[in-house]
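Enquirer: Dropping in upload-v3.tsv, with TSV, C-alpha atoms.
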```
chain	number	residue	atom	x	y	z
A	18	MET	CA	94.28	-164.54	47.66
A	19	SER	CA	94.27	-165.78	51.24
A	20	ASN	CA	97.34	-165.56	53.46
A	21	GLU	CA	97.32	-169.34	53.69
A	22	LEU	CA	97.52	-169.69	49.91
A	23	MET	CA	100.22	-167.02	49.70
A	24	GLU	CA	102.34	-168.92	52.20
A	25	LYS	CA	101.78	-172.20	50.35
A	26	ILE	CA	102.94	-170.63	47.08
A	27	LYS	CA	106.07	-169.25	48.76
A	28	SER	CA	106.92	-172.74	50.01
A	29	ILE	CA	106.75	-174.39	46.57
A	30	PRO	CA	110.29	-175.55	45.68
A	31	ASP	CA	112.31	-174.68	42.58
A	32	LYS	CA	111.93	-178.22	41.26
A	33	PRO	CA	110.31	-179.82	38.22
A	34	GLY	CA	106.84	-181.18	38.72
A	35	VAL	CA	103.10	-180.72	38.34
A	36	TYR	CA	100.71	-178.26	39.96
A	37	LEU	CA	96.98	-178.81	40.45
A	38	MET	CA	94.81	-175.73	40.97
A	39	LYS	CA	91.54	-176.24	42.86
A	40	ASP	CA	88.42	-174.20	43.48
A	41	SER	CA	86.60	-173.72	46.79
A	42	ARG	CA	84.86	-177.09	46.37
A	43	GLU	CA	88.16	-178.94	45.91
A	44	ASN	CA	87.46	-179.46	42.19
A	45	ILE	CA	90.63	-179.54	40.10
A	46	ILE	CA	90.18	-176.69	37.60
A	47	TYR	CA	93.64	-176.60	36.01
A	48	ILE	CA	96.72	-178.84	35.81
A	49	GLY	CA	100.10	-177.64	34.60
A	50	LYS	CA	103.76	-178.63	34.67
A	51	SER	CA	107.05	-176.80	34.86
A	52	LYS	CA	110.80	-177.25	35.13
A	53	CYS	CA	110.63	-174.75	38.01
A	54	LEU	CA	107.35	-175.02	39.93
A	55	ASN	CA	107.83	-172.00	42.18
A	56	LYS	CA	108.53	-169.58	39.35
A	57	ARG	CA	105.71	-170.94	37.19
A	58	VAL	CA	103.00	-170.85	39.88
A	59	ARG	CA	104.00	-167.35	40.98
A	60	SER	CA	103.63	-166.12	37.38
A	61	TYR	CA	99.86	-166.60	37.55
A	62	PHE	CA	99.55	-164.00	40.28
A	63	GLN	CA	101.45	-161.14	38.62
A	64	ARG	CA	99.53	-157.86	38.48
A	65	ASN	CA	100.18	-157.22	34.78
A	66	ILE	CA	98.38	-160.31	33.43
A	67	ASP	CA	96.02	-159.20	30.67
A	68	PHE	CA	94.73	-162.54	29.40
A	69	ASN	CA	91.06	-163.02	30.34
A	70	LYS	CA	91.23	-166.81	30.68
A	71	ILE	CA	94.12	-166.54	33.17
A	72	LYS	CA	92.25	-163.88	35.14
A	73	GLN	CA	89.20	-166.12	35.39
A	74	LEU	CA	91.35	-169.06	36.45
A	75	VAL	CA	93.17	-167.08	39.13
A	76	PHE	CA	89.89	-165.68	40.47
A	77	ASN	CA	88.67	-169.24	41.09
A	78	ILE	CA	91.87	-170.63	42.67
A	79	TYR	CA	91.30	-171.60	46.28
A	80	ASP	CA	94.11	-174.11	46.77
A	81	ILE	CA	97.17	-175.42	44.92
A	82	GLU	CA	98.68	-178.88	45.21
A	83	THR	CA	102.10	-179.75	43.79
A	84	ILE	CA	103.77	-183.05	42.90
A	85	ILE	CA	107.57	-183.02	42.62
A	86	THR	CA	109.29	-185.09	39.92
A	87	ASP	CA	112.96	-185.78	39.24
A	88	THR	CA	112.82	-184.57	35.63
A	89	HIS	CA	110.82	-182.40	33.27
A	90	LEU	CA	109.97	-185.47	31.15
A	91	GLU	CA	108.28	-187.11	34.14
A	92	ALA	CA	106.42	-183.87	34.89
A	93	GLN	CA	105.05	-183.76	31.34
A	94	ILE	CA	103.96	-187.39	31.39
A	95	LEU	CA	102.30	-186.97	34.79
A	96	GLU	CA	100.56	-183.77	33.67
A	97	CYS	CA	99.16	-185.53	30.58
A	98	SER	CA	97.97	-188.50	32.64
A	99	LEU	CA	96.26	-186.32	35.26
A	100	ILE	CA	94.54	-184.14	32.65
A	101	LYS	CA	93.12	-187.22	30.94
A	102	LYS	CA	91.89	-188.48	34.33
A	103	HIS	CA	90.39	-185.28	35.77
A	104	LYS	CA	89.61	-183.26	32.59
A	105	PRO	CA	89.94	-179.84	34.30
A	106	ILE	CA	87.72	-177.09	32.91
A	107	TYR	CA	90.58	-174.69	32.11
A	108	ASN	CA	92.78	-177.26	30.32
A	109	SER	CA	92.38	-177.66	26.57
A	110	GLN	CA	95.16	-180.09	25.61
A	111	PHE	CA	95.13	-183.87	26.10
A	112	LYS	CA	91.62	-184.33	27.50
A	113	ASN	CA	89.75	-184.80	24.20
A	114	ASP	CA	91.81	-187.60	22.64
A	115	LYS	CA	88.64	-189.57	21.77
A	116	LYS	CA	88.10	-186.99	19.02
A	117	TYR	CA	91.41	-187.75	17.30
A	118	VAL	CA	90.80	-189.13	13.81
A	119	TYR	CA	92.22	-191.36	11.08
A	120	LEU	CA	92.67	-190.71	7.38
A	121	THR	CA	91.21	-193.75	5.66
A	122	ILE	CA	91.47	-194.88	2.03
A	123	LYS	CA	88.48	-196.90	0.87
A	124	ASN	CA	87.65	-198.72	-2.35
A	125	ASP	CA	84.74	-196.39	-3.07
A	126	SER	CA	84.73	-193.91	-5.98
A	127	GLN	CA	82.36	-191.58	-4.08
A	128	ASN	CA	84.37	-191.63	-0.85
A	129	LEU	CA	87.89	-192.72	-1.69
A	130	LEU	CA	89.56	-190.68	1.05
A	131	THR	CA	87.57	-190.16	4.25
A	132	ILE	CA	88.03	-189.17	7.89
A	133	THR	CA	87.06	-191.80	10.44
A	134	LEU	CA	87.00	-191.94	14.23
A	135	ASN	CA	88.40	-195.48	14.25
A	136	LYS	CA	90.73	-197.62	12.17
A	137	GLU	CA	88.50	-199.15	9.53
A	138	ASN	CA	91.00	-201.06	7.40
A	139	GLU	CA	94.71	-201.57	6.75
A	140	TYR	CA	94.79	-198.20	4.96
A	141	SER	CA	93.68	-196.14	7.96
A	142	TYR	CA	96.47	-193.71	8.86
A	143	GLY	CA	96.85	-191.87	12.13
A	144	PRO	CA	95.57	-191.04	14.60
A	145	TYR	CA	95.83	-187.28	14.00
A	146	ARG	CA	94.72	-184.47	16.28
A	147	SER	CA	93.44	-181.96	13.73
A	148	ARG	CA	90.22	-183.08	12.07
A	149	ASN	CA	89.93	-179.68	10.34
A	150	THR	CA	93.31	-180.03	8.64
A	151	LEU	CA	92.42	-183.51	7.37
A	152	MET	CA	89.02	-182.29	6.11
A	153	GLU	CA	90.83	-179.57	4.17
A	154	LEU	CA	93.29	-182.11	2.74
A	155	VAL	CA	90.48	-184.42	1.56
A	156	ARG	CA	88.73	-181.47	-0.09
A	157	LEU	CA	91.87	-180.17	-1.81
A	158	LEU	CA	92.94	-183.55	-3.21
A	159	ARG	CA	89.74	-183.70	-5.27
A	160	ASN	CA	91.12	-180.94	-7.50
A	161	ILE	CA	94.13	-182.97	-8.69
A	162	TYR	CA	92.27	-186.19	-9.31
A	163	PRO	CA	93.61	-188.62	-10.52
A	164	ILE	CA	97.18	-188.79	-9.22
A	165	ILE	CA	99.22	-191.22	-11.32
A	166	LYS	CA	102.62	-192.47	-10.20
A	167	GLY	CA	105.30	-192.35	-12.89
A	168	GLU	CA	108.79	-193.82	-12.78
A	169	GLU	CA	110.14	-191.01	-10.61
A	170	LEU	CA	107.39	-188.44	-10.02
A	171	TYR	CA	103.64	-188.28	-9.63
A	172	LYS	CA	101.57	-186.84	-12.45
A	173	PHE	CA	98.21	-185.13	-12.22
A	174	SER	CA	96.12	-182.38	-13.76
A	175	TYR	CA	94.72	-179.49	-11.79
A	176	HIS	CA	90.94	-179.00	-12.04
A	177	PRO	CA	89.38	-175.76	-10.73
A	178	LEU	CA	86.29	-177.81	-9.88
A	179	PRO	CA	86.48	-181.19	-8.12
A	180	ILE	CA	85.86	-184.24	-10.29
A	181	ASN	CA	85.11	-187.90	-9.71
A	182	CYS	CA	87.04	-190.65	-11.44
A	183	HIS	CA	86.14	-194.22	-12.26
A	184	GLY	CA	87.73	-197.32	-13.73
A	185	ASN	CA	91.47	-197.32	-14.27
A	186	ASP	CA	91.91	-193.67	-13.23
A	187	PHE	CA	90.28	-194.42	-9.88
A	188	ASN	CA	92.49	-197.49	-9.29
A	189	GLU	CA	95.69	-195.62	-10.19
A	190	ASN	CA	94.74	-192.70	-7.96
A	191	ARG	CA	94.02	-195.06	-5.07
A	192	LYS	CA	97.37	-196.81	-5.50
A	193	SER	CA	99.16	-193.46	-5.53
A	194	LEU	CA	97.45	-192.25	-2.36
A	195	ILE	CA	98.31	-195.50	-0.57
A	196	ASP	CA	101.93	-195.04	-1.61
A	197	ILE	CA	102.04	-191.38	-0.54
A	198	LEU	CA	100.41	-191.97	2.84
A	199	SER	CA	102.33	-195.19	3.59
A	200	GLN	CA	105.86	-194.27	2.57
A	201	GLU	CA	107.82	-191.36	4.02
A	202	LYS	CA	109.97	-190.99	0.90
A	203	SER	CA	106.89	-190.96	-1.35
A	204	LEU	CA	105.30	-188.23	0.74
A	205	GLU	CA	108.54	-186.22	0.58
A	206	THR	CA	108.56	-186.60	-3.22
A	207	PHE	CA	104.94	-185.49	-3.46
A	208	LEU	CA	105.57	-182.51	-1.16
A	209	SER	CA	108.48	-181.40	-3.32
A	210	LEU	CA	106.30	-181.64	-6.44
A	211	ILE	CA	103.49	-179.58	-4.87
A	212	LYS	CA	106.00	-176.92	-3.79
A	213	THR	CA	107.38	-176.71	-7.34
A	214	LYS	CA	103.86	-176.43	-8.76
A	215	MET	CA	103.09	-173.61	-6.32
A	216	GLU	CA	106.21	-171.68	-7.28
A	217	ASP	CA	105.55	-172.16	-11.00
A	218	ALA	CA	101.95	-170.97	-10.68
A	219	SER	CA	103.10	-167.90	-8.76
A	220	CYS	CA	105.73	-167.06	-11.42
A	221	GLN	CA	103.04	-167.33	-14.10
A	222	LEU	CA	100.77	-164.98	-12.07
A	223	GLN	CA	98.23	-167.76	-11.57
A	224	PHE	CA	97.56	-166.63	-8.04
A	225	GLU	CA	94.40	-168.63	-7.43
A	226	ARG	CA	96.17	-171.83	-8.41
A	227	ALA	CA	99.26	-170.87	-6.40
A	228	SER	CA	97.01	-170.29	-3.39
A	229	TYR	CA	95.48	-173.74	-3.88
A	230	TYR	CA	98.93	-175.41	-3.93
A	231	ARG	CA	99.97	-173.40	-0.86
A	232	ASP	CA	96.98	-174.72	1.10
A	233	LEU	CA	97.60	-178.28	-0.11
A	234	LEU	CA	101.27	-178.02	0.84
A	235	SER	CA	100.32	-176.83	4.33
A	236	ALA	CA	97.91	-179.75	4.87
A	237	LEU	CA	100.43	-182.30	3.58
A	238	ASN	CA	103.15	-180.83	5.79
A	239	TYR	CA	100.89	-181.37	8.78
A	240	LEU	CA	100.74	-185.08	7.89
A	241	TYR	CA	104.46	-185.27	7.27
A	242	HIS	CA	105.50	-183.69	10.57
A	243	SER	CA	102.86	-185.61	12.52
A	244	ASN	CA	104.21	-188.87	11.12
A	245	LYS	CA	107.80	-187.94	11.99
A	246	VAL	CA	107.09	-186.89	15.58
A	247	ASP	CA	108.04	-190.28	17.04
A	248	ILE	CA	111.83	-190.58	16.73
A	249	THR	CA	111.79	-193.89	18.63
A	250	LYS	CA	109.31	-195.66	16.38
A	251	GLY	CA	110.13	-199.36	16.19
A	252	ARG	CA	113.29	-198.91	18.27
A	253	LYS	CA	114.58	-199.36	21.81
A	254	VAL	CA	116.15	-196.35	23.50
A	255	LEU	CA	118.03	-195.79	26.72
A	256	ALA	CA	117.72	-192.14	27.79
A	257	GLY	CA	119.53	-190.59	30.72
A	258	GLU	CA	119.65	-187.30	32.58
A	259	ARG	CA	121.99	-186.02	35.27
A	260	LEU	CA	120.28	-184.88	38.49
A	261	ASP	CA	121.60	-182.86	41.43
A	262	ASP	CA	121.69	-186.03	43.51
A	263	GLY	CA	122.34	-188.73	40.91
A	264	TYR	CA	121.06	-189.98	37.57
A	265	LYS	CA	117.71	-190.92	36.04
A	266	LEU	CA	117.48	-193.57	33.33
A	267	PHE	CA	114.51	-194.23	31.07
A	268	TYR	CA	113.93	-197.32	28.94
A	269	ILE	CA	111.74	-196.59	25.92
A	270	ILE	CA	110.38	-199.02	23.33
A	271	ASP	CA	108.56	-197.79	20.22
A	272	GLY	CA	107.82	-194.44	21.86
A	273	ASN	CA	106.50	-195.99	25.09
A	274	LEU	CA	108.18	-195.42	28.44
A	275	VAL	CA	108.30	-198.95	29.85
A	276	SER	CA	110.63	-198.42	32.80
A	277	LYS	CA	112.62	-195.78	34.68
A	278	LYS	CA	115.03	-195.82	37.59
A	279	LYS	CA	117.00	-193.35	39.67
A	280	PHE	CA	120.63	-194.06	40.58
A	281	SER	CA	122.67	-192.23	43.21
A	282	LYS	CA	125.79	-193.40	41.37
A	283	ILE	CA	126.68	-195.17	38.15
A	284	ASN	CA	128.82	-198.27	37.91
A	285	ARG	CA	129.07	-201.28	35.64
A	286	GLU	CA	127.23	-203.74	37.88
A	287	LEU	CA	124.27	-201.45	38.56
A	288	ILE	CA	123.78	-200.75	34.87
A	289	LYS	CA	124.20	-204.41	33.95
A	290	ASP	CA	121.43	-205.34	36.41
A	291	PHE	CA	119.18	-202.59	35.07
A	292	LEU	CA	119.65	-203.65	31.45
A	293	THR	CA	119.23	-207.32	32.33
A	294	ASN	CA	115.86	-206.52	33.88
A	295	MET	CA	114.97	-204.61	30.72
A	296	GLU	CA	115.38	-207.75	28.64
A	297	LYS	CA	111.90	-208.85	29.73
A	298	PHE	CA	110.50	-205.92	27.76
A	299	LYS	CA	111.96	-207.17	24.46
A	300	SER	CA	108.51	-207.99	23.14
A	301	HIS	CA	106.76	-205.03	24.79
A	302	ASP	CA	103.13	-205.24	23.68
A	303	THR	CA	101.07	-202.06	23.22
A	304	THR	CA	98.06	-203.70	21.55
A	305	ASN	CA	95.90	-203.17	24.63
A	306	LYS	CA	96.77	-199.48	24.87
A	307	ASP	CA	94.40	-196.81	23.62
A	308	GLU	CA	96.18	-195.66	20.46
A	309	LYS	CA	94.63	-192.19	20.56
A	310	SER	CA	95.48	-191.57	24.20
A	311	ASN	CA	98.94	-193.06	23.70
A	312	LEU	CA	99.64	-190.58	20.88
A	313	ASP	CA	99.95	-187.74	23.41
A	314	PHE	CA	102.44	-189.64	25.56
A	315	LYS	CA	104.53	-190.65	22.54
A	316	THR	CA	104.58	-187.04	21.35
A	317	ILE	CA	105.73	-185.80	24.75
A	318	ILE	CA	108.52	-188.40	24.96
A	319	SER	CA	109.83	-187.81	21.44
A	320	ARG	CA	109.72	-184.02	21.79
A	321	GLU	CA	111.65	-184.15	25.06
A	322	LEU	CA	114.28	-186.49	23.60
A	323	LYS	CA	114.76	-184.09	20.68
A	324	THR	CA	114.78	-180.78	22.55
A	325	ASN	CA	116.19	-181.44	26.03
A	326	LEU	CA	119.90	-180.77	25.63
A	327	SER	CA	120.68	-182.11	29.11
A	328	MET	CA	119.27	-185.53	28.20
A	329	GLN	CA	121.39	-188.10	26.37
A	330	ILE	CA	119.91	-190.93	24.32
A	331	GLN	CA	121.38	-194.22	23.14
A	332	TYR	CA	119.66	-196.53	20.66
A	333	ILE	CA	120.01	-200.12	21.83
A	334	ASP	CA	120.58	-203.07	19.52
A	335	ASP	CA	119.28	-206.54	20.30
A	336	ILE	CA	122.80	-207.44	21.41
A	337	LEU	CA	123.67	-205.08	24.25
A	338	ASN	CA	127.19	-203.69	24.28
A	339	LEU	CA	127.83	-202.75	27.90
A	340	ASP	CA	130.99	-200.77	27.09
A	341	ILE	CA	129.02	-198.51	24.74
A	342	ILE	CA	126.32	-198.04	27.38
A	343	ILE	CA	128.85	-197.15	30.11
A	344	ASP	CA	130.53	-194.67	27.77
A	345	PHE	CA	127.12	-193.16	27.06
A	346	LEU	CA	126.37	-192.79	30.79
A	347	ASN	CA	129.75	-191.15	31.44
A	348	ARG	CA	128.68	-188.36	29.09
A	349	LEU	CA	125.72	-187.38	31.29
```
Show me, as structure tokens, the structure contained in the file I just sent.
Expert:
Amino acid sequence: MSNELMEKIKSIPDKPGVYLMKDSRENIIYIGKSKCLNKRVRSYFQRNIDFNKIKQLVFNIYDIETIITDTHLEAQILECSLIKKHKPIYNSQFKNDKKYVYLTIKNDSQNLLTITLNKENEYSYGPYRSRNTLMELVRLLRNIYPIIKGEELYKFSYHPLPINCHGNDFNENRKSLIDILSQEKSLETFLSLIKTKMEDASCQLQFERASYYRDLLSALNYLYHSNKVDITKGRKVLAGERLDDGYKLFYIIDGNLVSKKKFSKINRELIKDFLTNMEKFKSHDTTNKDEKSNLDFKTIISRELKTNLSMQIQYIDDILNLDIIIDFLNRL
């Protein structure tokens, strides 16, 4: 490492932000983010690193550029955006969103449940990141075909070998899958049933069948948790975080960050003006956004809202109650 680079690293502040690592030709080879840039960048140059990929990265670092942000949320969003733009060779996340897939129910007895790159009909669910998990789910569901919805539970028979169904069985199975994939409560019910079946098979020493249910449960859980990742779905949220020199407010609609603003101080008039300006986003339209690319940003926002204990969130009704908002801000 050159003396110039060493001095640059020493000067990086202890602030949240993004770092861009470049090679000798000024190509961006890696982009990362951190709550504390100085500590994170220094960690790459420790002598005890034993991970080959990191060693290769460090060997090729010629220069490092940093971008300071007010908050960790902004650092994550900026990192994601820059990775999608530059597609650095050493980054693996975020840059291949075109490969995200949908789980699609068709009216075809040979291919009832398929994986598609695009939304093909009203029963295309997703997008999802893991094609392999969905392929496994499609394969496993052929062994409990058909699934018939009863008054309270779903009924099916396990078949060691996959079977094809036709006629009424096919129609009932299709209706059940639409219900399970469309409704959170239905998926929860089905998950509970599969877990019970797994435990029963294990108690009866039917280990092959128990293993099958375990794999099916794992694939279904992937769907369930992927669907629940967006805690702001269909809602408007005001999120706020206290800074060393003020406050940062974020206005989020349906998982999309539509506006943000930094305040040196908080008072009733400032917040009233901010919220009044937000009224123009009432009908925020995301139809022109790339749904696959947008999935990563929505995931980042929801995860930060759930895990960042220093950030407060307030769900906003159509009729704004300024007193409630001011009380919320006073808790920052």
Enquirer: Closest to Tyr79 (chain A) among A:Tyr47, A:Phe224, A:Tyr241, A:Phe280, using only C-alpha atoms?
Expert: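 Result for the nearest residue to Tyr79 (chain A): A:Tyr47.
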Enquirer: Have a look at CA of Ser281 (chain A) and CA of Lys265 (chain A) and let me know their distance in Å, one decimal.
Expert: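 CA of Lys265 (chain A) lies 8.8 Å from CA of Ser281 (chain A).
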Enquirer: Between CA of Phe291 (chain A) and CA of Lys278 (chain A), what is the distance in Å, rounded to a tenth?
Expert: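 Separation of CA of Phe291 (chain A) and CA of Lys278 (chain A): 8.3 Å.
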Enquirer: Just how far from CA of Thr249 (chain A) is CA of Thr121 (chain A), in Å to one decimal?
Expert: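 Distance between the two atoms: 24.3 Å.
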Enquirer: Could you give me, as CSV, a per-residue list for region 46-163 of chain A showing, wherever an atom lies at most 8 Å from an atom of region 22-30 of chain A, the closest pair of atoms and their distance in Å to one decimal, using all atoms listed in the file and sorting by chain then residue number from low to high?
Expert:
```
residue,atom,partner,partner_atom,distance
A:Cys53,CA,A:Pro30,CA,7.7
A:Leu54,CA,A:Pro30,CA,6.5
A:Asn55,CA,A:Ile29,CA,5.1
A:Val58,CA,A:Ile26,CA,7.2
A:Arg59,CA,A:Ile26,CA,7.0
A:Tyr79,CA,A:Leu22,CA,7.5
A:Asp80,CA,A:Leu22,CA,6.4
A:Ile81,CA,A:Leu22,CA,7.6
A:Thr83,CA,A:Ile29,CA,7.6
```
Enquirer: Please identify all polymer residues within 12 Å of Ile317 (chain A), counting all atoms listed in the file, omitting same-chain residues fewer than 4 positions from it, and present them as a PDB file with C-alpha atoms, keeping the file's coordinate frame.
Expert:
```pdb
ATOM      1  CA  HIS A  89     110.820-182.400  33.270  1.00  0.00           C
ATOM      2  CA  LEU A  90     109.970-185.470  31.150  1.00  0.00           C
ATOM      3  CA  GLU A  91     108.280-187.110  34.140  1.00  0.00           C
ATOM      4  CA  ALA A  92     106.420-183.870  34.890  1.00  0.00           C
ATOM      5  CA  GLN A  93     105.050-183.760  31.340  1.00  0.00           C
ATOM      6  CA  ILE A  94     103.960-187.390  31.390  1.00  0.00           C
ATOM      7  CA  LEU A  95     102.300-186.970  34.790  1.00  0.00           C
ATOM      8  CA  GLU A  96     100.560-183.770  33.670  1.00  0.00           C
ATOM      9  CA  CYS A  97      99.160-185.530  30.580  1.00  0.00           C
ATOM     10  CA  SER A  98      97.970-188.500  32.640  1.00  0.00           C
ATOM     11  CA  PHE A 111      95.130-183.870  26.100  1.00  0.00           C
ATOM     12  CA  VAL A 246     107.090-186.890  15.580  1.00  0.00           C
ATOM     13  CA  ASP A 247     108.040-190.280  17.040  1.00  0.00           C
ATOM     14  CA  ILE A 248     111.830-190.580  16.730  1.00  0.00           C
ATOM     15  CA  THR A 249     111.790-193.890  18.630  1.00  0.00           C
ATOM     16  CA  GLY A 272     107.820-194.440  21.860  1.00  0.00           C
ATOM     17  CA  ASN A 273     106.500-195.990  25.090  1.00  0.00           C
ATOM     18  CA  LEU A 274     108.180-195.420  28.440  1.00  0.00           C
ATOM     19  CA  SER A 310      95.480-191.570  24.200  1.00  0.00           C
ATOM     20  CA  ASN A 311      98.940-193.060  23.700  1.00  0.00           C
ATOM     21  CA  LEU A 312      99.640-190.580  20.880  1.00  0.00           C
ATOM     22  CA  ASP A 313      99.950-187.740  23.410  1.00  0.00           C
ATOM     23  CA  GLU A 321     111.650-184.150  25.060  1.00  0.00           C
ATOM     24  CA  LEU A 322     114.280-186.490  23.600  1.00  0.00           C
ATOM     25  CA  LYS A 323     114.760-184.090  20.680  1.00  0.00           C
ATOM     26  CA  THR A 324     114.780-180.780  22.550  1.00  0.00           C
ATOM     27  CA  ASN A 325     116.190-181.440  26.030  1.00  0.00           C
TER      28      ASN A 325
END
```
Enquirer: Determine the nearest neighbour of Ile343 (chain A) from the options A:Tyr36, A:Glu296, A:Leu326, A:Asn284, counting all atoms listed in the file.
Expert: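 For Ile343 (chain A), the nearest of the given residues is A:Asn284.
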Enquirer: Choose the residue, out of A:Asn108, A:Asn44, A:Asn238, A:Asn113, that has the smallest atom-to-atom separation from Thr206 (chain A); count all atoms listed in the file.
Expert: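 Between A:Asn108, A:Asn44, A:Asn238, A:Asn113, the residue approaching Thr206 (chain A) most closely is A:Asn238.
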Enquirer: Pick out the residues sitting within 12 Å of region 189-201 of chain A, and hand them over as a ChimeraX atom specification; count only C-alpha atoms, and ignore anything fewer than 6 positions along from it in its own chain.
Expert: /A:119-126,128-130,139-143,155,158-159,161-167,170-174,181-183,207-208,237-238,240-245
Enquirer: Excluding Asp232 (chain A) and its own-chain neighbours fewer than 5 positions away, which residues fall within 12 Å of it when counting all atoms listed in the file? Please give them as a PyMOL selection string.
Expert: chain A and resi 150-151+153-158+208+211-212+215+225-227+237-239
Enquirer: Quick one: residues within 10 Å of region 251-264 of chain A, all atoms listed in the file counted, chain neighbours fewer than 5 positions away excluded, as an mmCIF file with C-alpha atoms, keeping the file's coordinate frame?
Expert:
```
data_model
loop_
_atom_site.group_PDB
_atom_site.id
_atom_site.type_symbol
_atom_site.label_atom_id
_atom_site.label_comp_id
_atom_site.auth_asym_id
_atom_site.auth_seq_id
_atom_site.Cartn_x
_atom_site.Cartn_y
_atom_site.Cartn_z
ATOM 1 C CA ASP A 87 112.960 -185.780 39.240
ATOM 2 C CA THR A 88 112.820 -184.570 35.630
ATOM 3 C CA LEU A 90 109.970 -185.470 31.150
ATOM 4 C CA ILE A 269 111.740 -196.590 25.920
ATOM 5 C CA ILE A 270 110.380 -199.020 23.330
ATOM 6 C CA ASP A 271 108.560 -197.790 20.220
ATOM 7 C CA GLY A 272 107.820 -194.440 21.860
ATOM 8 C CA ASN A 273 106.500 -195.990 25.090
ATOM 9 C CA LEU A 274 108.180 -195.420 28.440
ATOM 10 C CA SER A 276 110.630 -198.420 32.800
ATOM 11 C CA LYS A 277 112.620 -195.780 34.680
ATOM 12 C CA LYS A 278 115.030 -195.820 37.590
ATOM 13 C CA LYS A 279 117.000 -193.350 39.670
ATOM 14 C CA PHE A 280 120.630 -194.060 40.580
ATOM 15 C CA SER A 281 122.670 -192.230 43.210
ATOM 16 C CA LYS A 282 125.790 -193.400 41.370
ATOM 17 C CA ILE A 283 126.680 -195.170 38.150
ATOM 18 C CA LEU A 292 119.650 -203.650 31.450
ATOM 19 C CA PHE A 298 110.500 -205.920 27.760
ATOM 20 C CA LYS A 299 111.960 -207.170 24.460
ATOM 21 C CA LEU A 322 114.280 -186.490 23.600
ATOM 22 C CA ASN A 325 116.190 -181.440 26.030
ATOM 23 C CA LEU A 326 119.900 -180.770 25.630
ATOM 24 C CA SER A 327 120.680 -182.110 29.110
ATOM 25 C CA MET A 328 119.270 -185.530 28.200
ATOM 26 C CA GLN A 329 121.390 -188.100 26.370
ATOM 27 C CA ILE A 330 119.910 -190.930 24.320
ATOM 28 C CA GLN A 331 121.380 -194.220 23.140
ATOM 29 C CA TYR A 332 119.660 -196.530 20.660
ATOM 30 C CA ILE A 333 120.010 -200.120 21.830
ATOM 31 C CA ASP A 334 120.580 -203.070 19.520
ATOM 32 C CA ASP A 335 119.280 -206.540 20.300
ATOM 33 C CA ILE A 342 126.320 -198.040 27.380
ATOM 34 C CA PHE A 345 127.120 -193.160 27.060
ATOM 35 C CA LEU A 346 126.370 -192.790 30.790
ATOM 36 C CA ARG A 348 128.680 -188.360 29.090
ATOM 37 C CA LEU A 349 125.720 -187.380 31.290
#
```
Enquirer: A:Gln110, A:Ser51, A:Ser209, A:Asn160: which is nearest Arg146 (chain A), counting only C-alpha atoms?
Expert: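 Nearest to Arg146 (chain A): A:Gln110.
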Enquirer: Which residue gives the smallest distance to His176 (chain A) among A:Lys112, A:Asn138, A:Tyr229, A:Ser41, with all atoms listed in the file counted?
Expert: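 Closest to His176 (chain A) of all the choices is A:Tyr229.
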Enquirer: Can you sort out region 19-29 of chain A so it carries N, CA and C atoms, written as a PDB file, in the frame of the given file?
Expert:
```pdb
ATOM      1  N   SER A  19      94.145-165.665  49.790  1.00  0.00           N
ATOM      2  CA  SER A  19      94.270-165.780  51.240  1.00  0.00           C
ATOM      3  C   SER A  19      95.725-165.846  51.661  1.00  0.00           C
ATOM      4  N   ASN A  20      95.977-165.478  52.921  1.00  0.00           N
ATOM      5  CA  ASN A  20      97.340-165.560  53.460  1.00  0.00           C
ATOM      6  C   ASN A  20      97.853-166.995  53.437  1.00  0.00           C
ATOM      7  N   GLU A  21      96.942-167.928  53.695  1.00  0.00           N
ATOM      8  CA  GLU A  21      97.320-169.340  53.690  1.00  0.00           C
ATOM      9  C   GLU A  21      97.819-169.777  52.315  1.00  0.00           C
ATOM     10  N   LEU A  22      97.111-169.342  51.263  1.00  0.00           N
ATOM     11  CA  LEU A  22      97.520-169.690  49.910  1.00  0.00           C
ATOM     12  C   LEU A  22      98.824-168.996  49.535  1.00  0.00           C
ATOM     13  N   MET A  23      98.977-167.745  49.972  1.00  0.00           N
ATOM     14  CA  MET A  23     100.220-167.020  49.700  1.00  0.00           C
ATOM     15  C   MET A  23     101.420-167.750  50.298  1.00  0.00           C
ATOM     16  N   GLU A  24     101.252-168.213  51.535  1.00  0.00           N
ATOM     17  CA  GLU A  24     102.340-168.920  52.200  1.00  0.00           C
ATOM     18  C   GLU A  24     102.631-170.252  51.525  1.00  0.00           C
ATOM     19  N   LYS A  25     101.587-170.922  51.049  1.00  0.00           N
ATOM     20  CA  LYS A  25     101.780-172.200  50.350  1.00  0.00           C
ATOM     21  C   LYS A  25     102.564-171.987  49.061  1.00  0.00           C
ATOM     22  N   ILE A  26     102.238-170.923  48.334  1.00  0.00           N
ATOM     23  CA  ILE A  26     102.940-170.630  47.080  1.00  0.00           C
ATOM     24  C   ILE A  26     104.412-170.327  47.356  1.00  0.00           C
ATOM     25  N   LYS A  27     104.691-169.578  48.411  1.00  0.00           N
ATOM     26  CA  LYS A  27     106.070-169.250  48.760  1.00  0.00           C
ATOM     27  C   LYS A  27     106.884-170.502  49.074  1.00  0.00           C
ATOM     28  N   SER A  28     106.217-171.527  49.588  1.00  0.00           N
ATOM     29  CA  SER A  28     106.920-172.740  50.010  1.00  0.00           C
ATOM     30  C   SER A  28     107.141-173.742  48.874  1.00  0.00           C
ATOM     31  N   ILE A  29     106.573-173.473  47.702  1.00  0.00           N
ATOM     32  CA  ILE A  29     106.750-174.390  46.570  1.00  0.00           C
ATOM     33  C   ILE A  29     108.208-174.374  46.134  1.00  0.00           C
TER      34      ILE A  29
END
```
